file input-v4.pdb (PDB, C-alpha atoms and all ligand atoms)
MODEL        1
ATOM      1  CA  MET J   1      -3.905  13.674  21.822
ATOM      2  CA  THR J   2      -7.346  14.581  23.215
ATOM      3  CA  ILE J   3     -10.515  14.623  21.122
ATOM      4  CA  SER J   4     -10.529  18.419  21.086
ATOM      5  CA  ASP J   5      -6.870  18.433  19.905
ATOM      6  CA  SER J   6      -7.868  16.100  17.061
ATOM      7  CA  ILE J   7     -10.779  18.306  16.058
ATOM      8  CA  ARG J   8      -8.559  21.387  16.147
ATOM      9  CA  LEU J   9      -5.984  19.661  13.983
ATOM     10  CA  LEU J  10      -8.625  18.576  11.449
ATOM     11  CA  LEU J  11      -9.773  22.194  11.215
ATOM     12  CA  ASP J  12      -6.209  23.515  10.964
ATOM     13  CA  LEU J  13      -5.435  21.069   8.172
ATOM     14  CA  GLU J  14      -8.648  21.705   6.247
ATOM     15  CA  PRO J  15      -7.235  24.460   3.948
ATOM     16  CA  ALA J  16      -4.350  22.154   2.988
ATOM     17  CA  VAL J  17      -6.848  19.346   2.323
ATOM     18  CA  ALA J  18      -8.873  21.607   0.019
ATOM     19  CA  GLU J  19      -5.722  22.683  -1.803
ATOM     20  CA  ASN J  20      -4.422  19.129  -2.199
ATOM     21  CA  LEU J  21      -7.818  17.831  -3.243
ATOM     22  CA  ASP J  22      -7.856  20.413  -6.060
ATOM     23  CA  ARG J  23      -4.337  19.495  -7.024
ATOM     24  CA  HIS J  24      -5.232  15.791  -7.026
ATOM     25  CA  LEU J  25      -8.347  16.290  -9.143
ATOM     26  CA  GLY J  26      -6.275  18.346 -11.560
ATOM     27  CA  VAL J  27      -3.595  15.700 -12.106
ATOM     28  CA  ALA J  28      -5.533  12.414 -11.708
ATOM     29  CA  LYS J  29      -6.443  11.154 -15.170
ATOM     30  CA  GLU J  30      -9.673   9.275 -15.698
ATOM     31  CA  TRP J  31      -9.023   5.702 -16.788
ATOM     32  CA  MET J  32     -11.217   2.765 -17.695
ATOM     33  CA  PRO J  33     -10.464  -0.499 -15.912
ATOM     34  CA  HIS J  34     -12.104  -2.597 -18.657
ATOM     35  CA  GLU J  35      -9.551  -1.303 -21.172
ATOM     36  CA  TYR J  36      -6.793  -3.130 -19.272
ATOM     37  CA  VAL J  37      -8.324  -6.618 -19.277
ATOM     38  CA  PRO J  38      -7.756  -9.130 -22.147
ATOM     39  CA  TRP J  39     -11.395 -10.254 -22.304
ATOM     40  CA  SER J  40     -10.869 -12.437 -25.382
ATOM     41  CA  LEU J  41      -8.879 -14.886 -23.236
ATOM     42  CA  GLY J  42     -11.828 -15.523 -20.907
ATOM     43  CA  ARG J  43     -13.884 -18.714 -20.931
ATOM     44  CA  ASP J  44     -16.452 -20.503 -18.791
ATOM     45  CA  PHE J  45     -15.529 -22.448 -15.693
ATOM     46  CA  ALA J  46     -16.837 -25.951 -14.900
ATOM     47  CA  ASP J  47     -20.365 -25.219 -13.674
ATOM     48  CA  LEU J  48     -21.284 -23.568 -16.968
ATOM     49  CA  GLY J  49     -19.927 -26.514 -18.952
ATOM     50  CA  GLY J  50     -16.392 -25.146 -19.348
ATOM     51  CA  GLU J  51     -13.134 -26.306 -17.897
ATOM     52  CA  ALA J  52     -12.291 -26.171 -14.180
ATOM     53  CA  TRP J  53      -9.222 -24.166 -13.179
ATOM     54  CA  ALA J  54      -5.885 -25.998 -13.190
ATOM     55  CA  PRO J  55      -2.451 -24.574 -12.332
ATOM     56  CA  GLU J  56      -1.007 -25.235 -15.804
ATOM     57  CA  GLN J  57      -3.546 -22.803 -17.308
ATOM     58  CA  SER J  58      -1.747 -19.931 -15.602
ATOM     59  CA  ALA J  59       1.071 -18.306 -17.521
ATOM     60  CA  LEU J  60       2.230 -16.536 -14.339
ATOM     61  CA  SER J  61       5.188 -17.758 -12.301
ATOM     62  CA  PRO J  62       4.290 -18.996  -8.786
ATOM     63  CA  VAL J  63       5.693 -15.849  -7.171
ATOM     64  CA  ALA J  64       3.860 -13.537  -9.576
ATOM     65  CA  ARG J  65       0.690 -15.439  -8.730
ATOM     66  CA  THR J  66       1.303 -14.999  -5.005
ATOM     67  CA  ALA J  67       2.105 -11.298  -5.352
ATOM     68  CA  LEU J  68      -0.940 -10.573  -7.517
ATOM     69  CA  GLU J  69      -3.155 -12.456  -5.104
ATOM     70  CA  VAL J  70      -1.781 -10.568  -2.099
ATOM     71  CA  ASN J  71      -2.157  -7.230  -3.897
ATOM     72  CA  LEU J  72      -5.732  -8.044  -4.882
ATOM     73  CA  LEU J  73      -6.792  -9.310  -1.448
ATOM     74  CA  THR J  74      -5.309  -6.149   0.062
ATOM     75  CA  GLU J  75      -7.356  -3.989  -2.325
ATOM     76  CA  ASP J  76     -10.440  -6.113  -1.588
ATOM     77  CA  ASN J  77     -10.472  -4.994   2.034
ATOM     78  CA  LEU J  78     -11.483  -1.458   0.982
ATOM     79  CA  PRO J  79     -14.715  -1.252   3.046
ATOM     80  CA  SER J  80     -12.637  -1.511   6.224
ATOM     81  CA  TYR J  81     -10.130   1.112   5.088
ATOM     82  CA  HIS J  82     -12.980   3.408   4.115
ATOM     83  CA  ARG J  83     -14.435   3.043   7.592
ATOM     84  CA  GLU J  84     -11.060   3.805   9.187
ATOM     85  CA  ILE J  85     -10.303   6.947   7.204
ATOM     86  CA  GLU J  86     -13.879   8.198   7.525
ATOM     87  CA  ARG J  87     -13.583   7.733  11.291
ATOM     88  CA  ALA J  88     -10.299   9.648  11.375
ATOM     89  CA  PHE J  89     -11.095  12.434   8.887
ATOM     90  CA  GLY J  90     -14.886  12.707   9.035
ATOM     91  CA  ARG J  91     -17.234  13.321   6.120
ATOM     92  CA  ASP J  92     -17.476  17.100   6.202
ATOM     93  CA  GLY J  93     -16.000  19.606   3.782
ATOM     94  CA  ALA J  94     -12.864  18.836   1.815
ATOM     95  CA  TRP J  95     -12.003  15.905   4.105
ATOM     96  CA  GLY J  96     -15.285  14.175   3.257
ATOM     97  CA  THR J  97     -14.882  14.856  -0.459
ATOM     98  CA  TRP J  98     -11.427  13.304  -0.321
ATOM     99  CA  VAL J  99     -12.572  10.239   1.658
ATOM    100  CA  HIS J 100     -15.197   9.433  -0.964
ATOM    101  CA  ARG J 101     -13.025  10.221  -3.963
ATOM    102  CA  TRP J 102     -10.193   8.087  -2.606
ATOM    103  CA  THR J 103     -12.582   5.196  -1.959
ATOM    104  CA  ALA J 104     -13.973   5.384  -5.500
ATOM    105  CA  GLU J 105     -10.468   5.325  -6.982
ATOM    106  CA  GLU J 106      -9.337   2.434  -4.813
ATOM    107  CA  ALA J 107     -12.376   0.310  -5.733
ATOM    108  CA  ARG J 108     -11.224   0.268  -9.352
ATOM    109  CA  HIS J 109      -7.987  -1.453  -8.372
ATOM    110  CA  ALA J 110      -9.629  -4.598  -7.049
ATOM    111  CA  TYR J 111     -12.074  -4.795  -9.976
ATOM    112  CA  CYS J 112      -9.497  -4.690 -12.733
ATOM    113  CA  ILE J 113      -6.955  -6.972 -11.030
ATOM    114  CA  ARG J 114      -9.687  -9.546 -10.348
ATOM    115  CA  ASP J 115     -10.974  -9.335 -13.937
ATOM    116  CA  TYR J 116      -7.441  -9.786 -15.251
ATOM    117  CA  LEU J 117      -6.768 -12.816 -13.037
ATOM    118  CA  LEU J 118     -10.078 -14.485 -13.872
ATOM    119  CA  VAL J 119      -9.934 -14.119 -17.646
ATOM    120  CA  THR J 120      -6.278 -15.161 -17.821
ATOM    121  CA  ARG J 121      -6.829 -17.980 -15.285
ATOM    122  CA  GLY J 122      -3.892 -16.502 -13.409
ATOM    123  CA  VAL J 123      -4.816 -17.822  -9.965
ATOM    124  CA  ASP J 124      -7.071 -20.510  -8.486
ATOM    125  CA  PRO J 125     -10.459 -18.739  -8.430
ATOM    126  CA  ASP J 126     -11.827 -20.915  -5.599
ATOM    127  CA  ASP J 127      -8.831 -20.155  -3.375
ATOM    128  CA  LEU J 128      -9.088 -16.501  -4.271
ATOM    129  CA  GLU J 129     -12.760 -16.297  -3.343
ATOM    130  CA  GLN J 130     -12.297 -18.193  -0.085
ATOM    131  CA  ALA J 131      -9.396 -15.940   0.864
ATOM    132  CA  ARG J 132     -11.410 -12.830  -0.033
ATOM    133  CA  MET J 133     -14.240 -13.957   2.234
ATOM    134  CA  GLN J 134     -11.811 -14.559   5.054
ATOM    135  CA  VAL J 135      -9.974 -11.252   4.615
ATOM    136  CA  MET J 136     -13.134  -9.166   4.448
ATOM    137  CA  GLN J 137     -14.626 -10.943   7.438
ATOM    138  CA  THR J 138     -11.466 -10.212   9.413
ATOM    139  CA  GLY J 139     -11.513  -6.607   8.224
ATOM    140  CA  PHE J 140      -8.848  -4.044   8.996
ATOM    141  CA  ASP J 141      -8.787  -2.241  12.297
ATOM    142  CA  SER J 142      -6.369   0.595  13.010
ATOM    143  CA  GLU J 143      -7.511   0.593  16.640
ATOM    144  CA  GLU J 144      -8.630   4.195  16.816
ATOM    145  CA  LYS J 145      -5.299   5.531  15.580
ATOM    146  CA  PRO J 146      -5.090   9.303  16.151
ATOM    147  CA  ILE J 147      -5.248  11.433  13.028
ATOM    148  CA  LEU J 148      -1.502  12.189  12.886
ATOM    149  CA  ASN J 149      -0.789   8.465  12.971
ATOM    150  CA  VAL J 150      -3.372   7.777  10.277
ATOM    151  CA  LEU J 151      -1.864  10.484   8.044
ATOM    152  CA  THR J 152       1.654   9.172   8.404
ATOM    153  CA  TYR J 153       0.651   5.500   8.159
ATOM    154  CA  VAL J 154      -1.257   6.036   4.921
ATOM    155  CA  SER J 155       1.659   7.995   3.425
ATOM    156  CA  PHE J 156       3.953   4.983   3.953
ATOM    157  CA  GLN J 157       1.259   2.477   3.044
ATOM    158  CA  GLU J 158       0.330   4.154  -0.272
ATOM    159  CA  LEU J 159       3.982   4.302  -1.246
ATOM    160  CA  ALA J 160       4.490   0.666  -0.212
ATOM    161  CA  THR J 161       1.497  -0.366  -2.342
ATOM    162  CA  ARG J 162       2.754   1.684  -5.251
ATOM    163  CA  VAL J 163       6.126  -0.067  -5.165
ATOM    164  CA  SER J 164       4.659  -3.518  -4.716
ATOM    165  CA  HIS J 165       2.186  -3.159  -7.607
ATOM    166  CA  ARG J 166       4.927  -1.809  -9.864
ATOM    167  CA  ASN J 167       7.420  -4.535  -8.964
ATOM    168  CA  THR J 168       4.749  -7.226  -9.306
ATOM    169  CA  GLY J 169       4.121  -5.926 -12.825
ATOM    170  CA  LYS J 170       7.818  -6.314 -13.614
ATOM    171  CA  VAL J 171       7.943  -9.988 -12.566
ATOM    172  CA  ALA J 172       4.562 -10.938 -14.055
ATOM    173  CA  GLY J 173       6.102 -11.738 -17.428
ATOM    174  CA  ASP J 174       3.026 -10.412 -19.220
ATOM    175  CA  PRO J 175       2.996  -6.937 -20.799
ATOM    176  CA  ILE J 176      -0.768  -6.678 -20.167
ATOM    177  CA  ALA J 177      -0.324  -7.308 -16.437
ATOM    178  CA  GLU J 178       2.565  -4.882 -16.333
ATOM    179  CA  LYS J 179       0.552  -2.149 -18.014
ATOM    180  CA  LEU J 180      -2.364  -2.703 -15.643
ATOM    181  CA  LEU J 181      -0.219  -2.701 -12.515
ATOM    182  CA  THR J 182       1.735   0.346 -13.659
ATOM    183  CA  ARG J 183      -1.593   2.148 -14.073
ATOM    184  CA  VAL J 184      -2.693   1.127 -10.568
ATOM    185  CA  SER J 185       0.636   2.157  -9.071
ATOM    186  CA  THR J 186       0.277   5.616 -10.645
ATOM    187  CA  ASP J 187      -2.927   6.046  -8.624
ATOM    188  CA  GLU J 188      -1.192   4.867  -5.458
ATOM    189  CA  ASN J 189       1.532   7.433  -6.063
ATOM    190  CA  LEU J 190      -0.983  10.262  -6.246
ATOM    191  CA  HIS J 191      -2.614   9.018  -3.045
ATOM    192  CA  MET J 192       0.778   8.988  -1.365
ATOM    193  CA  VAL J 193       1.467  12.560  -2.512
ATOM    194  CA  PHE J 194      -1.862  13.733  -1.054
ATOM    195  CA  TYR J 195      -1.194  12.237   2.379
ATOM    196  CA  ARG J 196       2.476  13.170   2.319
ATOM    197  CA  ASN J 197       1.643  16.834   1.689
ATOM    198  CA  LEU J 198      -0.822  16.853   4.567
ATOM    199  CA  ALA J 199       1.770  15.321   6.853
ATOM    200  CA  THR J 200       4.138  18.110   5.722
ATOM    201  CA  THR J 201       1.553  20.677   6.815
ATOM    202  CA  ALA J 202       1.040  18.798  10.081
ATOM    203  CA  LEU J 203       4.799  19.024  10.698
ATOM    204  CA  GLU J 204       4.504  22.809  10.372
ATOM    205  CA  ILE J 205       1.491  22.994  12.702
ATOM    206  CA  ALA J 206       2.624  20.488  15.340
ATOM    207  CA  PRO J 207       6.210  19.369  14.641
ATOM    208  CA  SER J 208       6.903  17.328  17.760
ATOM    209  CA  ALA J 209       3.572  15.498  17.830
ATOM    210  CA  THR J 210       3.852  14.740  14.104
ATOM    211  CA  LEU J 211       7.379  13.446  14.526
ATOM    212  CA  ARG J 212       6.170  11.179  17.330
ATOM    213  CA  ALA J 213       3.497   9.820  14.988
ATOM    214  CA  ILE J 214       6.017   9.284  12.160
ATOM    215  CA  THR J 215       8.336   7.398  14.518
ATOM    216  CA  ASP J 216       5.560   5.188  15.868
ATOM    217  CA  GLU J 217       4.316   4.357  12.385
ATOM    218  CA  VAL J 218       7.784   3.581  11.016
ATOM    219  CA  VAL J 219       8.658   1.397  14.007
ATOM    220  CA  GLY J 220       5.338  -0.463  14.021
ATOM    221  CA  PHE J 221       4.760  -0.526  10.264
ATOM    222  CA  GLU J 222       2.751  -3.458   9.010
ATOM    223  CA  MET J 223       1.318  -3.942   5.507
ATOM    224  CA  PRO J 224      -2.479  -3.681   5.351
ATOM    225  CA  GLY J 225      -2.436  -7.200   3.843
ATOM    226  CA  ALA J 226      -1.163  -8.697   7.101
ATOM    227  CA  VAL J 227      -4.667 -10.111   7.700
ATOM    228  CA  ILE J 228      -4.462 -12.300   4.543
ATOM    229  CA  PRO J 229      -4.354 -16.047   5.320
ATOM    230  CA  GLY J 230      -0.757 -17.306   5.067
ATOM    231  CA  PHE J 231       0.534 -13.713   4.803
ATOM    232  CA  THR J 232       3.867 -14.377   6.536
ATOM    233  CA  ARG J 233       4.737 -17.235   4.164
ATOM    234  CA  LYS J 234       3.587 -15.219   1.147
ATOM    235  CA  ALA J 235       5.514 -12.131   2.267
ATOM    236  CA  VAL J 236       8.678 -14.270   2.459
ATOM    237  CA  GLN J 237       8.175 -15.437  -1.159
ATOM    238  CA  ILE J 238       7.550 -11.850  -2.244
ATOM    239  CA  ALA J 239      10.713 -10.717  -0.439
ATOM    240  CA  GLN J 240      12.812 -13.554  -1.889
ATOM    241  CA  ALA J 241      11.792 -12.403  -5.368
ATOM    242  CA  GLY J 242      12.760  -8.799  -4.520
ATOM    243  CA  ILE J 243       9.239  -7.514  -5.154
ATOM    244  CA  TYR J 244       8.992  -6.147  -1.635
ATOM    245  CA  ASP J 245      11.806  -6.807   0.801
ATOM    246  CA  LEU J 246      13.561  -4.947   3.611
ATOM    247  CA  ARG J 247      15.885  -3.186   1.156
ATOM    248  CA  VAL J 248      12.921  -1.921  -0.865
ATOM    249  CA  HIS J 249      11.100  -0.957   2.325
ATOM    250  CA  HIS J 250      14.068   1.029   3.645
ATOM    251  CA  ASP J 251      15.292   2.599   0.387
ATOM    252  CA  GLU J 252      12.088   3.174  -1.553
ATOM    253  CA  VAL J 253       9.429   3.676   1.101
ATOM    254  CA  ILE J 254      10.770   4.831   4.472
ATOM    255  CA  LEU J 255      13.775   6.977   3.488
ATOM    256  CA  PRO J 256      12.213   8.938   0.608
ATOM    257  CA  LEU J 257       9.357  10.102   2.848
ATOM    258  CA  LEU J 258      11.613  10.946   5.786
ATOM    259  CA  ARG J 259      13.805  12.958   3.404
ATOM    260  CA  GLN J 260      10.868  14.680   1.803
ATOM    261  CA  TRP J 261       9.590  15.708   5.234
ATOM    262  CA  GLY J 262      13.093  16.815   6.230
ATOM    263  CA  VAL J 263      12.689  15.126   9.609
ATOM    264  CA  PHE J 264      16.404  15.085  10.351
ATOM    265  CA  GLU J 265      16.828  18.810   9.657
ATOM    266  CA  LEU J 266      13.643  19.944  11.377
ATOM    267  CA  GLU J 267      14.120  22.761  13.893
ATOM    268  CA  GLY J 268      12.124  23.854  16.916
ATOM    269  CA  LEU J 269      11.345  20.420  18.343
ATOM    270  CA  ASP J 270      10.634  20.128  22.043
ATOM    271  CA  ALA J 271      12.242  17.441  24.226
ATOM    272  CA  GLU J 272       9.581  14.870  23.262
ATOM    273  CA  GLY J 273      10.088  15.602  19.570
ATOM    274  CA  GLU J 274      13.868  15.224  19.905
ATOM    275  CA  LYS J 275      13.366  11.935  21.691
ATOM    276  CA  ALA J 276      11.124  10.696  18.869
ATOM    277  CA  ARG J 277      13.684  11.765  16.272
ATOM    278  CA  THR J 278      16.508   9.895  18.041
ATOM    279  CA  GLU J 279      14.345   6.783  18.252
ATOM    280  CA  LEU J 280      13.506   7.112  14.563
ATOM    281  CA  ALA J 281      17.144   7.521  13.516
ATOM    282  CA  ASP J 282      18.160   4.452  15.552
ATOM    283  CA  PHE J 283      15.355   2.383  14.113
ATOM    284  CA  VAL J 284      16.151   3.352  10.515
ATOM    285  CA  THR J 285      19.822   2.463  11.025
ATOM    286  CA  GLY J 286      18.778  -0.911  12.446
ATOM    287  CA  LEU J 287      16.438  -1.453   9.498
ATOM    288  CA  ASP J 288      19.283  -0.803   7.078
ATOM    289  CA  ASP J 289      21.480  -3.349   8.916
ATOM    290  CA  GLN J 290      18.675  -5.904   8.757
ATOM    291  CA  ALA J 291      18.267  -5.228   5.044
ATOM    292  CA  VAL J 292      21.997  -5.831   4.480
ATOM    293  CA  ARG J 293      21.808  -9.149   6.353
ATOM    294  CA  PHE J 294      18.703 -10.175   4.438
ATOM    295  CA  GLU J 295      20.350  -9.434   1.091
ATOM    296  CA  GLU J 296      23.500 -11.343   2.028
ATOM    297  CA  LYS J 297      21.461 -14.353   3.076
ATOM    298  CA  ARG J 298      19.401 -14.216  -0.115
ATOM    299  CA  ASP J 299      22.542 -13.913  -2.272
ATOM    300  CA  ARG J 300      24.044 -16.984  -0.596
ATOM    301  CA  ALA J 301      20.836 -18.972  -1.098
ATOM    302  CA  ARG J 302      20.694 -17.936  -4.757
ATOM    303  CA  ALA J 303      24.336 -18.923  -5.285
ATOM    304  CA  ARG J 304      23.677 -22.335  -3.717
ATOM    305  CA  ALA J 305      20.625 -22.839  -5.921
ATOM    306  CA  ALA J 306      22.661 -21.857  -9.012
ATOM    307  CA  ASP J 307      25.375 -24.349  -8.019
ATOM    308  CA  ARG J 308      22.845 -27.122  -7.654
ATOM    309  CA  ALA J 309      21.275 -26.262 -10.996
ATOM    310  CA  GLY J 310      24.608 -25.842 -12.741
TER     311      GLY J 310
HETATM  312 FE    FE W 401      -5.172   0.609  -4.388
HETATM  313 FE    FE W 402      -4.102   3.997  -2.857
ENDMDL
END
call {"tool": "encode", "arguments": {"input": "input-v4.pdb", "output": "structure tokens"}}
result
Amino acid sequence: MTISDSIRLLLDLEPAVAENLDRHLGVAKEWMPHEYVPWSLGRDFADLGGEAWAPEQSALSPVARTALEVNLLTEDNLPSYHREIERAFGRDGAWGTWVHRWTAEEARHAYCIRDYLLVTRGVDPDDLEQARMQVMQTGFDSEEKPILNVLTYVSFQELATRVSHRNTGKVAGDPIAEKLLTRVSTDENLHMVFYRNLATTALEIAPSATLRAITDEVVGFEMPGAVIPGFTRKAVQIAQAGIYDLRVHHDEVILPLLRQWGVFELEGLDAEGEKARTELADFVTGLDDQAVRFEEKRDRARARAADRAG
């Protein structure tokens, strides 16, 4: 896609952006992050004469700790994401209003999760800070992704974040954490809806090019948290616990969006669009097979662990 094609597409999508921005502002409820944090549990750390952090102070299970840390570090990298979407969408008109509104909403997520983890002594605060420094210094670079790819990537990514916050809340074992993460995941859902609707409009304007972008983003999908130190190991723990695994990715993130966009019923594709659709269908089938194998392996490992325990 040339630069002039991208500019044309931004202009063609602008009315849909304005409409979806209005819709978003109408349904997004204001909420106060400080209302979700149990401040009375907080106390000083060592340098102020209090107690240094120790693992037994955390009421969270190890996997809940890992998942919360990964979710928080992902949210922490907001300056990079802001730069990427501002580069793709610009700062004019409804696009610019959205870019800033979205950034302001996202910033809340890191603040309240960090406050929660610090007052409850949920994670090692030194590790957390060192990891945050590392993640933000690495940044996030979408390598000049064209606008159609950005739109489709963020649709999947917002839905993936929604599901992982919600499922982290379920395993946290603390109603306060669950309430907080449910609140955050509601925001992520509205973000997903915004991007998803724009991708729907893009499919009407340029069906084959949009389908190509969807296929590329599904095939190459990587969580924004991939830059977190030890991400692969942490992602395995998170998958073992069923918070975010291949089954979740296929059933709750990829398929719902493909269905919503009606990609397999879409008419009027050119040869390139048809080729992209075939590639997409093959990939999704392969992903489902992988998910089945992953679940079988996990079931066997769980049965072995139960035997040993029993
Ligand atoms: Fe977020
Ligand atoms: Fe979001």
call {"tool": "closest_atom_pairs", "arguments": {"input": "input-v4.pdb", "of": "chain J", "to": "ligand FE 401 (chain W)", "cutoff": "12 Å", "atoms": "all atoms listed in the file", "output": "CSV"}}
result
residue,atom,partner,partner_atom,distance
J:Val70,CA,W:FE401,FE,11.9
J:Asn71,CA,W:FE401,FE,8.4
J:Leu72,CA,W:FE401,FE,8.7
J:Leu73,CA,W:FE401,FE,10.5
J:Thr74,CA,W:FE401,FE,8.1
J:Glu75,CA,W:FE401,FE,5.5
J:Asp76,CA,W:FE401,FE,9.0
J:Asn77,CA,W:FE401,FE,10.0
J:Leu78,CA,W:FE401,FE,8.5
J:Tyr81,CA,W:FE401,FE,10.7
J:His82,CA,W:FE401,FE,11.9
J:Trp102,CA,W:FE401,FE,9.2
J:Thr103,CA,W:FE401,FE,9.0
J:Ala104,CA,W:FE401,FE,10.1
J:Glu105,CA,W:FE401,FE,7.6
J:Glu106,CA,W:FE401,FE,4.6
J:Ala107,CA,W:FE401,FE,7.3
J:Arg108,CA,W:FE401,FE,7.8
J:His109,CA,W:FE401,FE,5.3
J:Ala110,CA,W:FE401,FE,7.4
J:Tyr111,CA,W:FE401,FE,10.4
J:Cys112,CA,W:FE401,FE,10.8
J:Ile113,CA,W:FE401,FE,10.2
J:Val154,CA,W:FE401,FE,11.5
J:Gln157,CA,W:FE401,FE,10.0
J:Glu158,CA,W:FE401,FE,7.7
J:Leu159,CA,W:FE401,FE,10.4
J:Ala160,CA,W:FE401,FE,10.5
J:Thr161,CA,W:FE401,FE,7.0
J:Arg162,CA,W:FE401,FE,8.0
J:Val163,CA,W:FE401,FE,11.3
J:Ser164,CA,W:FE401,FE,10.7
J:His165,CA,W:FE401,FE,8.9
J:Arg166,CA,W:FE401,FE,11.7
J:Leu181,CA,W:FE401,FE,10.1
J:Thr182,CA,W:FE401,FE,11.6
J:Arg183,CA,W:FE401,FE,10.4
J:Val184,CA,W:FE401,FE,6.7
J:Ser185,CA,W:FE401,FE,7.6
J:Thr186,CA,W:FE401,FE,9.7
J:Asp187,CA,W:FE401,FE,7.2
J:Glu188,CA,W:FE401,FE,5.9
J:Asn189,CA,W:FE401,FE,9.7
J:Leu190,CA,W:FE401,FE,10.7
J:His191,CA,W:FE401,FE,8.9
J:Met192,CA,W:FE401,FE,10.7
J:Pro224,CA,W:FE401,FE,11.0
J:Gly225,CA,W:FE401,FE,11.7
call {"tool": "write_last_selection", "arguments": {"input": "input-v4.pdb", "atoms": "C-alpha atoms", "output": "PDB file, keeping the file's coordinate frame"}}
result
ATOM      1  CA  VAL J  70      -1.781 -10.568  -2.099  1.00  0.00           C
ATOM      2  CA  ASN J  71      -2.157  -7.230  -3.897  1.00  0.00           C
ATOM      3  CA  LEU J  72      -5.732  -8.044  -4.882  1.00  0.00           C
ATOM      4  CA  LEU J  73      -6.792  -9.310  -1.448  1.00  0.00           C
ATOM      5  CA  THR J  74      -5.309  -6.149   0.062  1.00  0.00           C
ATOM      6  CA  GLU J  75      -7.356  -3.989  -2.325  1.00  0.00           C
ATOM      7  CA  ASP J  76     -10.440  -6.113  -1.588  1.00  0.00           C
ATOM      8  CA  ASN J  77     -10.472  -4.994   2.034  1.00  0.00           C
ATOM      9  CA  LEU J  78     -11.483  -1.458   0.982  1.00  0.00           C
ATOM     10  CA  TYR J  81     -10.130   1.112   5.088  1.00  0.00           C
ATOM     11  CA  HIS J  82     -12.980   3.408   4.115  1.00  0.00           C
ATOM     12  CA  TRP J 102     -10.193   8.087  -2.606  1.00  0.00           C
ATOM     13  CA  THR J 103     -12.582   5.196  -1.959  1.00  0.00           C
ATOM     14  CA  ALA J 104     -13.973   5.384  -5.500  1.00  0.00           C
ATOM     15  CA  GLU J 105     -10.468   5.325  -6.982  1.00  0.00           C
ATOM     16  CA  GLU J 106      -9.337   2.434  -4.813  1.00  0.00           C
ATOM     17  CA  ALA J 107     -12.376   0.310  -5.733  1.00  0.00           C
ATOM     18  CA  ARG J 108     -11.224   0.268  -9.352  1.00  0.00           C
ATOM     19  CA  HIS J 109      -7.987  -1.453  -8.372  1.00  0.00           C
ATOM     20  CA  ALA J 110      -9.629  -4.598  -7.049  1.00  0.00           C
ATOM     21  CA  TYR J 111     -12.074  -4.795  -9.976  1.00  0.00           C
ATOM     22  CA  CYS J 112      -9.497  -4.690 -12.733  1.00  0.00           C
ATOM     23  CA  ILE J 113      -6.955  -6.972 -11.030  1.00  0.00           C
ATOM     24  CA  VAL J 154      -1.257   6.036   4.921  1.00  0.00           C
ATOM     25  CA  GLN J 157       1.259   2.477   3.044  1.00  0.00           C
ATOM     26  CA  GLU J 158       0.330   4.154  -0.272  1.00  0.00           C
ATOM     27  CA  LEU J 159       3.982   4.302  -1.246  1.00  0.00           C
ATOM     28  CA  ALA J 160       4.490   0.666  -0.212  1.00  0.00           C
ATOM     29  CA  THR J 161       1.497  -0.366  -2.342  1.00  0.00           C
ATOM     30  CA  ARG J 162       2.754   1.684  -5.251  1.00  0.00           C
ATOM     31  CA  VAL J 163       6.126  -0.067  -5.165  1.00  0.00           C
ATOM     32  CA  SER J 164       4.659  -3.518  -4.716  1.00  0.00           C
ATOM     33  CA  HIS J 165       2.186  -3.159  -7.607  1.00  0.00           C
ATOM     34  CA  ARG J 166       4.927  -1.809  -9.864  1.00  0.00           C
ATOM     35  CA  LEU J 181      -0.219  -2.701 -12.515  1.00  0.00           C
ATOM     36  CA  THR J 182       1.735   0.346 -13.659  1.00  0.00           C
ATOM     37  CA  ARG J 183      -1.593   2.148 -14.073  1.00  0.00           C
ATOM     38  CA  VAL J 184      -2.693   1.127 -10.568  1.00  0.00           C
ATOM     39  CA  SER J 185       0.636   2.157  -9.071  1.00  0.00           C
ATOM     40  CA  THR J 186       0.277   5.616 -10.645  1.00  0.00           C
ATOM     41  CA  ASP J 187      -2.927   6.046  -8.624  1.00  0.00           C
ATOM     42  CA  GLU J 188      -1.192   4.867  -5.458  1.00  0.00           C
ATOM     43  CA  ASN J 189       1.532   7.433  -6.063  1.00  0.00           C
ATOM     44  CA  LEU J 190      -0.983  10.262  -6.246  1.00  0.00           C
ATOM     45  CA  HIS J 191      -2.614   9.018  -3.045  1.00  0.00           C
ATOM     46  CA  MET J 192       0.778   8.988  -1.365  1.00  0.00           C
ATOM     47  CA  PRO J 224      -2.479  -3.681   5.351  1.00  0.00           C
ATOM     48  CA  GLY J 225      -2.436  -7.200   3.843  1.00  0.00           C
TER      49      GLY J 225
END
call {"tool": "resolve_selection", "arguments": {"input": "input-v4.pdb", "expression": "the PyMOL selection byres (((chain J and resi 200) around 12) and not hetatm)", "output": "PyMOL selection string"}}
result
chain J and resi 13+16-17+20+148+151-152+155+193-199+201-207+210-211+214+257-263+266
call {"tool": "resolve_selection", "arguments": {"input": "input-v4.pdb", "expression": "the PyMOL selection byres (((chain J and resi 281-296) around 10) and not hetatm)", "output": "ChimeraX atom specification"}}
result
/J:215,218-219,239-240,242,245-251,254-255,263-264,276-280,297-302
call {"tool": "atom_distance", "arguments": {"input": "input-v4.pdb", "atom1": "CA of Val171 in chain J", "atom2": "CA of Phe231 in chain J"}}
result
19.2 Å
call {"tool": "residues_around", "arguments": {"input": "input-v4.pdb", "residues": "range 58-68 of chain J", "least_positions_apart": "3", "cutoff": "9 Å", "atoms": "all atoms listed in the file", "output": "PyMOL selection string"}}
result
chain J and resi 53-55+71-73+113+117+120-124+164-165+168-169+171-174+234-235+237-238+241+243
call {"tool": "closest_residue", "arguments": {"input": "input-v4.pdb", "among": "J:Val253, J:Val27, J:Ile3, J:Ala18", "to": "Ala88 in chain J", "atoms": "all atoms listed in the file"}}
result
J:Ile3
